[in-house]
>>> print(open('protein35.cif').read())   # mmCIF, C-alpha atoms
data_start
loop_
_atom_site.group_PDB
_atom_site.id
_atom_site.type_symbol
_atom_site.label_atom_id
_atom_site.label_comp_id
_atom_site.auth_asym_id
_atom_site.auth_seq_id
_atom_site.Cartn_x
_atom_site.Cartn_y
_atom_site.Cartn_z
ATOM 1 C CA MET A 18 31.010 -25.297 -1.769
ATOM 2 C CA LEU A 19 27.985 -23.088 -2.357
ATOM 3 C CA LEU A 20 26.462 -24.100 0.974
ATOM 4 C CA ALA A 21 29.702 -23.274 2.789
ATOM 5 C CA THR A 22 29.815 -19.856 1.117
ATOM 6 C CA PHE A 23 26.202 -19.201 2.061
ATOM 7 C CA GLU A 24 26.822 -20.280 5.653
ATOM 8 C CA SER A 25 29.872 -18.034 5.923
ATOM 9 C CA ALA A 26 27.884 -15.091 4.515
ATOM 10 C CA ILE A 27 25.098 -15.661 7.068
ATOM 11 C CA ARG A 28 27.649 -16.010 9.878
ATOM 12 C CA ALA A 29 29.378 -12.773 8.813
ATOM 13 C CA LEU A 30 26.005 -11.020 8.663
ATOM 14 C CA PHE A 31 25.117 -12.003 12.213
ATOM 15 C CA ASP A 32 28.613 -11.200 13.477
ATOM 16 C CA ASN A 33 28.071 -7.602 12.381
ATOM 17 C CA TRP A 34 24.852 -6.576 14.176
ATOM 18 C CA ILE A 35 24.713 -3.091 12.676
ATOM 19 C CA VAL A 36 24.364 -4.521 9.167
ATOM 20 C CA THR A 37 21.712 -6.961 10.413
ATOM 21 C CA ILE A 38 19.710 -4.162 12.033
ATOM 22 C CA VAL A 39 19.952 -2.038 8.874
ATOM 23 C CA PHE A 40 18.728 -4.977 6.750
ATOM 24 C CA ILE A 41 15.805 -5.540 9.114
ATOM 25 C CA CYS A 42 14.834 -1.848 9.058
ATOM 26 C CA VAL A 43 15.085 -1.614 5.274
ATOM 27 C CA GLY A 44 13.061 -4.805 4.874
ATOM 28 C CA ALA A 45 10.349 -3.595 7.255
ATOM 29 C CA SER A 46 10.185 -0.254 5.463
ATOM 30 C CA LEU A 47 9.918 -1.964 2.091
ATOM 31 C CA ILE A 48 7.120 -4.242 3.292
ATOM 32 C CA GLY A 49 5.285 -1.253 4.786
ATOM 33 C CA SER A 50 5.563 0.704 1.546
ATOM 34 C CA ILE A 51 4.261 -2.203 -0.511
ATOM 35 C CA ALA A 52 1.338 -2.704 1.875
ATOM 36 C CA LYS A 53 0.464 0.997 1.677
ATOM 37 C CA GLN A 54 0.459 0.929 -2.125
ATOM 38 C CA ILE A 55 -1.749 -2.177 -2.150
ATOM 39 C CA ARG A 56 -4.205 -0.451 0.209
ATOM 40 C CA LYS A 57 -4.263 2.697 -1.928
ATOM 41 C CA TYR A 58 -4.916 0.620 -5.049
ATOM 42 C CA GLY A 59 -7.753 -1.205 -3.307
ATOM 43 C CA CYS A 60 -9.357 2.090 -2.264
ATOM 44 C CA TYR A 61 -8.989 3.405 -5.805
ATOM 45 C CA ARG A 62 -10.687 0.297 -7.243
ATOM 46 C CA GLN A 63 -13.575 0.637 -4.767
ATOM 47 C CA GLU A 64 -14.069 4.284 -5.702
ATOM 48 C CA VAL A 65 -14.059 3.444 -9.424
ATOM 49 C CA ALA A 66 -16.610 0.667 -8.828
ATOM 50 C CA LEU A 67 -18.820 3.080 -6.870
ATOM 51 C CA LYS A 68 -18.670 5.692 -9.636
ATOM 52 C CA ARG A 69 -19.509 3.098 -12.297
ATOM 53 C CA ASP A 70 -22.455 1.894 -10.252
ATOM 54 C CA LEU A 71 -23.739 5.442 -9.836
ATOM 55 C CA VAL A 72 -23.394 6.095 -13.582
ATOM 56 C CA GLU A 73 -25.297 2.885 -14.348
ATOM 57 C CA ARG A 74 -28.073 4.033 -12.017
ATOM 58 C CA GLY A 75 -28.367 7.205 -14.091
ATOM 59 C CA LEU A 76 -27.219 9.794 -11.562
ATOM 60 C CA SER A 77 -26.016 13.139 -12.857
ATOM 61 C CA VAL A 78 -22.409 14.301 -12.558
ATOM 62 C CA ASP A 79 -23.304 16.698 -9.736
ATOM 63 C CA GLU A 80 -25.015 13.921 -7.773
ATOM 64 C CA ILE A 81 -22.061 11.577 -8.268
ATOM 65 C CA GLU A 82 -19.631 14.253 -7.072
ATOM 66 C CA ARG A 83 -21.777 14.883 -4.014
ATOM 67 C CA VAL A 84 -21.964 11.151 -3.162
ATOM 68 C CA VAL A 85 -18.216 10.644 -3.621
ATOM 69 C CA ARG A 86 -17.436 13.751 -1.555
ATOM 70 C CA ALA A 87 -19.798 12.591 1.209
ATOM 71 C CA LYS A 88 -18.227 9.123 1.197
ATOM 72 C CA SER A 89 -14.720 10.631 1.395
ATOM 73 C CA ALA A 90 -15.738 12.920 4.262
ATOM 74 C CA SER A 91 -17.357 10.079 6.211
ATOM 75 C CA THR A 92 -14.239 7.901 5.973
ATOM 76 C CA GLY A 93 -11.944 10.805 6.868
ATOM 77 C CA LYS A 94 -10.058 10.474 3.611
ATOM 78 C CA ASP A 95 -8.675 13.652 2.096
ATOM 79 C CA SER A 96 -8.506 14.057 -1.644
ATOM 80 C CA GLU A 97 -5.450 12.039 -2.701
ATOM 81 C CA GLY A 98 -4.258 12.330 -6.285
#
>>> encode(input="protein35.cif", output="structure tokens")
Amino acid sequence: MLLATFESAIRALFDNWIVTIVFICVGASLIGSIAKQIRKYGCYRQEVALKRDLVERGLSVDEIERVVRAKSASTGKDSEG
């Protein structure tokens, strides 16, 4: 019974191509958004690790700001909050 219901739902989905296309677009957008957030989190973690390393080396706040700013400028990344 459940399999027949599932099969009829899939058949109805593919009979109506507009709904199928909308589902595909929404799914692709969702996957893209998740990937972007994962990338942003990874960049954030790298920047935090860099700052911790610079603090452990004993650099001053001004030197750390200069290094982080230079790293951001070299990668083409604008200040994202």
>>> atom_distance(input="protein35.cif", atom1="CA of Arg62 (chain A)", atom2="CA of Glu80 (chain A)")
19.8 Å
>>> closest_residue(input="protein35.cif", among="A:Ile81, A:Val43, A:Leu30, A:Thr92", to="Val65 (chain A)", atoms="all atoms listed in the file")
A:Ile81
>>> resolve_selection(input="protein35.cif", expression="the PyMOL selection byres ((chain A and resi 66-68) around 12)", output="mmCIF file with C-alpha atoms, in the frame of the given file")
data_model
loop_
_atom_site.group_PDB
_atom_site.id
_atom_site.type_symbol
_atom_site.label_atom_id
_atom_site.label_comp_id
_atom_site.auth_asym_id
_atom_site.auth_seq_id
_atom_site.Cartn_x
_atom_site.Cartn_y
_atom_site.Cartn_z
ATOM 1 C CA GLY A 59 -7.753 -1.205 -3.307
ATOM 2 C CA CYS A 60 -9.357 2.090 -2.264
ATOM 3 C CA TYR A 61 -8.989 3.405 -5.805
ATOM 4 C CA ARG A 62 -10.687 0.297 -7.243
ATOM 5 C CA GLN A 63 -13.575 0.637 -4.767
ATOM 6 C CA GLU A 64 -14.069 4.284 -5.702
ATOM 7 C CA VAL A 65 -14.059 3.444 -9.424
ATOM 8 C CA ARG A 69 -19.509 3.098 -12.297
ATOM 9 C CA ASP A 70 -22.455 1.894 -10.252
ATOM 10 C CA LEU A 71 -23.739 5.442 -9.836
ATOM 11 C CA VAL A 72 -23.394 6.095 -13.582
ATOM 12 C CA GLU A 73 -25.297 2.885 -14.348
ATOM 13 C CA ARG A 74 -28.073 4.033 -12.017
ATOM 14 C CA GLY A 75 -28.367 7.205 -14.091
ATOM 15 C CA LEU A 76 -27.219 9.794 -11.562
ATOM 16 C CA SER A 77 -26.016 13.139 -12.857
ATOM 17 C CA VAL A 78 -22.409 14.301 -12.558
ATOM 18 C CA ASP A 79 -23.304 16.698 -9.736
ATOM 19 C CA GLU A 80 -25.015 13.921 -7.773
ATOM 20 C CA ILE A 81 -22.061 11.577 -8.268
ATOM 21 C CA GLU A 82 -19.631 14.253 -7.072
ATOM 22 C CA ARG A 83 -21.777 14.883 -4.014
ATOM 23 C CA VAL A 84 -21.964 11.151 -3.162
ATOM 24 C CA VAL A 85 -18.216 10.644 -3.621
ATOM 25 C CA ARG A 86 -17.436 13.751 -1.555
ATOM 26 C CA LYS A 88 -18.227 9.123 1.197
ATOM 27 C CA SER A 89 -14.720 10.631 1.395
#
>>> atom_distance(input="protein35.cif", atom1="CA of Ala87 (chain A)", atom2="CA of Ser50 (chain A)")
28.0 Å
>>> atom_distance(input="protein35.cif", atom1="CA of Ser25 (chain A)", atom2="CA of Thr37 (chain A)")
14.5 Å
>>> axis_aligned_box(input="protein35.cif", around="region 24-37 of chain A", padding_each_side="6 Å", output="JSON")
{"center_x": 25.8, "center_y": -11.7, "center_z": 9.3, "size_x": 20.2, "size_y": 29.2, "size_z": 21.7}
